[in-house]
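Q: Sending over a structure as structure tokens; questions will come in a sec.
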Amino acid sequence: MRLTILGGGGFRVPLVYGALLGDRAEGRVSQVTLYDEDRARLTAMGRVLADQAAAARAADRPPAAGPGGPAGAVSAPAVPAPAVAVTTDLDEALRGADFVFSAIRVGGLEGRAADERVALAEGVLGQETVGAGGIAYGLRTVPVAREIARAVARVAPEAWVINFTNPAGLVTEAMAEVLGDRVIGICDSPVGLGRRVARLLGARPQDAWIDYVGLNHLGWLRGLHVGGRDRLPQLLADTAALESFEEGRLFGADWLRSLGAIPNEYLHYYYFNRDTVRAYTQAGQTRGAFLRDQQRGFYAEAGRPGLPAGAALAAWDRTRAEREATYMAENREAAGAGERDDSDLDSGGYEKVALALMRAIARDERTTLILNVRNRSTLSVLDAEAVIEVPCLVDANGAHPVAVDPLPLHAAGLVTSVKAVEREVLAAAASGSRADAVKAFALHPLVDSVAVARRLLAAYAAEHPGLAHLR
């Protein structure tokens, strides 16, 4: 199979390639094409992937005779690493692709840092997918996502698109206008939450049915069923266990019991908004600015001429470890949650979801995954075209959302409010209407004034040339 990665110079690409290197099954991906507009980032990322492939080849070598291994020892034949090509031409990247993985960042980390800075100046949240920052990011990303969808439909109409571009639910819905059900959004947050809850209950995630429902970065784990029995009430009754993992420390045992569910970590921005905005305002540097500076150092090091073998991968590993350790640091500070557990730093998130999704479709290996797909009739409070995040049965015909119980009123209120905001973003991106854009900001639960919404849009338009067309 051939996989094209849009945003191929992005920092998380080695996670995807590492998952591909571990795939030994028939029909695995044999060709990876990296597409990016930044040639220097492509060069640096190509070096990291080359180091990964070399490490995989070394691990496949048969053991030596003598002290290092038994004489005549035979290992399984080495599996060739997926070949890697790079290009800055979108049509060339898409041509012949079976799957297209989209992980672009319009405006780069400089744009993310600006999104955060502008919002905090108005006293509202500037996170990249939640609140004002997510709206600003969506307004400049949706037009590009629609262009990509049209290119896929023209050049690779049989390809399946796996979207990880944020805001993931919004962007998936924009691309589905062109591609229908052949675009599927993924996220690692529900996977990580389900894994942590299963581990606390002594269950293997693959043996559990996870009742999870909502929108991307706005969902709730309402049950974890093992052997036909919901084990979540057992966890909710155990304060020590509840406060031993990330979401429990963020939200507190009493609030989780009040909800009767475990919220996605991003709901901390809603339930503890004032505390989080204060922590973000008091921080010496926003998350986007931190990542911008951190990744500048990595790309400069990985792109340096004459770099010895393995050095690019080592630099990437060091940078990734620091990135994961500081994830949602302001939220943990606001909650007094302390440092992240080592178990929460492990990779195994979206790249494994992407691989499982590709396997299920390409090989008809039926599985269940939590994905971002069109609602159809799954949630009665939303229309059929709304993209939601729920468990799906996946086979060669794509992802099919399963029936779920209705949302409680408090959750339905948040979901419908945020979906209304997403629809205004889609409308503004299509029409260029300043009124639609202001409405998107003003309707968001975390923006508390129409006057603030107008000032936010004006400030974002001044920061981002791509928003200057709004009229």
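Chain labels follow the order of the structure tokens: the first chain is A, the next B, and so on; residue numbering restarts at 1 in every chain, and ligands are counted from 1 in their shown order.
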Using only C-alpha atoms, which residues sit within 10 Å of region 261-270 of chain A once same-chain residues fewer than 4 positions away are excluded, as a PyMOL selection string?

A: chain A and resi 125+127+129-131+189-190+192-194+197+211-214+216-223+232-233+236+242+246-248+250-251+253+255-257+274-277+328+331-332+334-335+414+445-446

Q: Would you output that residue set with N, CA and C atoms, as a compact mmCIF listing (two decimals), in the first residue's frame?

A:
# COMPACT_ATOMS: atom_id res chain seq x y z
N LEU A 125 -9.64 31.99 26.87
CA LEU A 125 -8.75 30.89 26.54
C LEU A 125 -8.28 30.94 25.09
N GLN A 127 -6.39 28.22 23.67
CA GLN A 127 -5.90 26.88 23.31
C GLN A 127 -6.20 26.58 21.84
N THR A 129 -7.43 24.22 20.03
CA THR A 129 -8.66 23.59 19.53
C THR A 129 -9.89 24.00 20.31
N VAL A 130 -9.73 24.71 21.41
CA VAL A 130 -10.84 25.03 22.31
C VAL A 130 -10.96 26.54 22.45
N GLY A 131 -12.17 27.05 22.28
CA GLY A 131 -12.40 28.47 22.50
C GLY A 131 -11.90 29.34 21.36
N SER A 189 -6.72 11.30 22.25
CA SER A 189 -7.22 11.56 23.60
C SER A 189 -8.16 10.47 24.11
N PRO A 190 -9.19 10.06 23.34
CA PRO A 190 -10.06 9.00 23.85
C PRO A 190 -9.32 7.68 24.06
N GLY A 192 -6.12 7.28 24.90
CA GLY A 192 -5.35 7.37 26.13
C GLY A 192 -6.24 7.28 27.36
N LEU A 193 -7.39 7.95 27.34
CA LEU A 193 -8.32 7.88 28.46
C LEU A 193 -8.80 6.46 28.69
N GLY A 194 -9.23 5.78 27.63
CA GLY A 194 -9.70 4.41 27.77
C GLY A 194 -8.61 3.49 28.29
N VAL A 197 -8.15 4.15 32.14
CA VAL A 197 -9.25 3.62 32.94
C VAL A 197 -9.19 2.09 32.97
N ASP A 211 -17.61 2.93 26.33
CA ASP A 211 -18.76 3.77 25.99
C ASP A 211 -18.28 5.22 26.06
N TYR A 212 -17.98 5.79 24.90
CA TYR A 212 -17.45 7.14 24.81
C TYR A 212 -18.26 7.89 23.77
N VAL A 213 -18.61 9.14 24.06
CA VAL A 213 -19.44 9.89 23.11
C VAL A 213 -19.20 11.38 23.26
N GLY A 214 -19.30 12.11 22.15
CA GLY A 214 -19.18 13.56 22.16
C GLY A 214 -18.65 14.07 20.84
N ASN A 216 -14.96 15.94 19.06
CA ASN A 216 -13.52 15.91 19.28
C ASN A 216 -13.14 16.91 20.37
N HIS A 217 -12.38 16.44 21.35
CA HIS A 217 -11.95 17.25 22.50
C HIS A 217 -13.14 17.74 23.34
N LEU A 218 -14.25 17.04 23.24
CA LEU A 218 -15.44 17.38 24.02
C LEU A 218 -16.27 16.11 24.19
N GLY A 219 -15.70 15.13 24.89
CA GLY A 219 -16.39 13.85 25.04
C GLY A 219 -16.26 13.30 26.44
N TRP A 220 -17.06 12.26 26.71
CA TRP A 220 -17.13 11.66 28.03
C TRP A 220 -17.05 10.14 27.92
N LEU A 221 -16.25 9.53 28.78
CA LEU A 221 -16.24 8.08 28.92
C LEU A 221 -17.30 7.74 29.96
N ARG A 222 -18.39 7.09 29.50
CA ARG A 222 -19.55 6.85 30.37
C ARG A 222 -19.62 5.44 30.90
N GLY A 223 -18.76 4.57 30.38
CA GLY A 223 -18.77 3.20 30.84
C GLY A 223 -17.59 2.44 30.26
N LEU A 232 -17.08 0.81 35.33
CA LEU A 232 -16.80 2.19 35.71
C LEU A 232 -17.33 2.55 37.10
N PRO A 233 -18.55 2.10 37.51
CA PRO A 233 -19.01 2.42 38.86
C PRO A 233 -18.02 1.98 39.95
N LEU A 236 -15.48 4.76 40.07
CA LEU A 236 -16.03 6.00 40.61
C LEU A 236 -16.21 5.92 42.13
N LEU A 242 -9.41 6.86 41.77
CA LEU A 242 -9.80 7.96 40.89
C LEU A 242 -8.73 9.04 40.82
N GLU A 246 -4.40 10.66 35.46
CA GLU A 246 -4.36 12.04 34.99
C GLU A 246 -5.71 12.76 35.08
N GLU A 247 -6.76 12.17 34.52
CA GLU A 247 -8.05 12.84 34.53
C GLU A 247 -8.60 12.97 35.95
N GLY A 248 -8.34 11.97 36.79
CA GLY A 248 -8.79 12.06 38.17
C GLY A 248 -8.14 13.19 38.93
N LEU A 250 -6.89 15.90 37.46
CA LEU A 250 -7.33 17.15 36.86
C LEU A 250 -8.70 17.59 37.38
N PHE A 251 -9.65 16.66 37.42
CA PHE A 251 -11.03 17.02 37.72
C PHE A 251 -11.42 16.82 39.19
N ALA A 253 -12.06 13.69 42.36
CA ALA A 253 -12.97 12.56 42.50
C ALA A 253 -14.42 13.00 42.67
N TRP A 255 -16.02 15.66 41.56
CA TRP A 255 -16.65 16.13 40.32
C TRP A 255 -16.91 14.97 39.37
N LEU A 256 -16.00 14.01 39.32
CA LEU A 256 -16.21 12.85 38.46
C LEU A 256 -17.42 12.05 38.92
N ARG A 257 -17.57 11.90 40.23
CA ARG A 257 -18.75 11.19 40.73
C ARG A 257 -20.02 11.98 40.45
N ARG A 274 -11.93 29.52 34.44
CA ARG A 274 -11.30 30.67 35.07
C ARG A 274 -9.93 30.30 35.66
N ASP A 275 -9.86 29.12 36.27
CA ASP A 275 -8.60 28.68 36.86
C ASP A 275 -7.54 28.47 35.79
N THR A 276 -7.98 27.88 34.66
CA THR A 276 -7.02 27.59 33.59
C THR A 276 -6.54 28.87 32.92
N VAL A 277 -7.44 29.80 32.66
CA VAL A 277 -7.04 31.06 32.04
C VAL A 277 -6.04 31.79 32.95
N MET A 328 -0.16 19.94 28.69
CA MET A 328 -1.21 20.47 29.54
C MET A 328 -0.69 20.85 30.92
N ASN A 331 -2.88 23.28 32.95
CA ASN A 331 -4.07 22.67 33.54
C ASN A 331 -3.71 21.91 34.81
N ARG A 332 -2.60 21.18 34.76
CA ARG A 332 -2.19 20.43 35.95
C ARG A 332 -1.82 21.37 37.08
N ALA A 334 -3.14 24.40 37.53
CA ALA A 334 -4.39 24.96 38.04
C ALA A 334 -5.11 23.97 38.95
N ALA A 335 -4.99 22.68 38.65
CA ALA A 335 -5.67 21.65 39.43
C ALA A 335 -4.83 21.13 40.58
N LEU A 414 -23.54 21.42 25.92
CA LEU A 414 -22.19 21.76 25.45
C LEU A 414 -21.97 21.31 24.01
N PRO A 445 -19.12 28.97 24.28
CA PRO A 445 -19.34 29.05 25.73
C PRO A 445 -18.20 29.71 26.50
N LEU A 446 -17.00 29.74 25.94
CA LEU A 446 -15.85 30.30 26.65
C LEU A 446 -15.53 31.73 26.24

Q: Region 396-410 of chain A: which residues within 6 Å, counting only C-alpha atoms, same-chain residues fewer than 5 positions away excluded, as a count of residues only?

A: 3

Q: Can you check which parts of region 245-303 of chain A lie within 10 Å of region 11-21 of chain A? Per residue, the shortest pair of atoms and distance in Å to one decimal, counting only C-alpha atoms, sorted by chain and number, as a Markdown table.

A:
| residue | atom | partner | partner_atom | distance |
| --- | --- | --- | --- | --- |
| A:Gln295 | CA | A:Phe11 | CA | 7.8 |
| A:Phe298 | CA | A:Phe11 | CA | 9.2 |
| A:Tyr299 | CA | A:Phe11 | CA | 9.0 |

Q: Could you give me, as a VMD selection string, the residues within 7 Å of region 31-38 of chain A, counting only C-alpha atoms and dropping anything in the same chain fewer than 5 positions from it?

A: chain A and resid 1 to 9 82 to 88 90 93

Q: Next, the residues of the selection above should be written as a PDB file, in the first residue's frame with C-alpha atoms.

A:
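So the final result, stored in out.pdb, reads:
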ATOM      1  CA  MET A   1       0.000   0.000   0.000  1.00  0.00           C
ATOM      2  CA  ARG A   2       1.007   3.600  -0.520  1.00  0.00           C
ATOM      3  CA  LEU A   3       0.555   6.186   2.219  1.00  0.00           C
ATOM      4  CA  THR A   4       0.858   9.930   1.712  1.00  0.00           C
ATOM      5  CA  ILE A   5       1.423  12.144   4.752  1.00  0.00           C
ATOM      6  CA  LEU A   6       0.366  15.775   4.328  1.00  0.00           C
ATOM      7  CA  GLY A   7       2.387  17.861   6.723  1.00  0.00           C
ATOM      8  CA  GLY A   8       5.208  15.391   6.148  1.00  0.00           C
ATOM      9  CA  GLY A   9       7.759  17.657   7.798  1.00  0.00           C
ATOM     10  CA  PRO A  82       8.675   1.384   3.849  1.00  0.00           C
ATOM     11  CA  ALA A  83      10.456   3.439   1.197  1.00  0.00           C
ATOM     12  CA  VAL A  84      10.271   7.193   1.809  1.00  0.00           C
ATOM     13  CA  ALA A  85       9.887   9.898  -0.847  1.00  0.00           C
ATOM     14  CA  VAL A  86       9.531  13.634  -0.253  1.00  0.00           C
ATOM     15  CA  THR A  87       7.866  16.314  -2.338  1.00  0.00           C
ATOM     16  CA  THR A  88       6.545  19.864  -2.183  1.00  0.00           C
ATOM     17  CA  LEU A  90       0.598  18.198  -3.704  1.00  0.00           C
ATOM     18  CA  ALA A  93       2.169  13.431  -3.382  1.00  0.00           C
TER      19      ALA A  93
END

Q: Taking the DSSP secondary structure from the backbone, can you list the residues of region 62-291 of chain A that are strand (DSSP E or B), as a PyMOL selection string?

A: chain A and resi 66+69+83-87+99-102+160-163+183-185+209-215+218-226+229-230+262-263
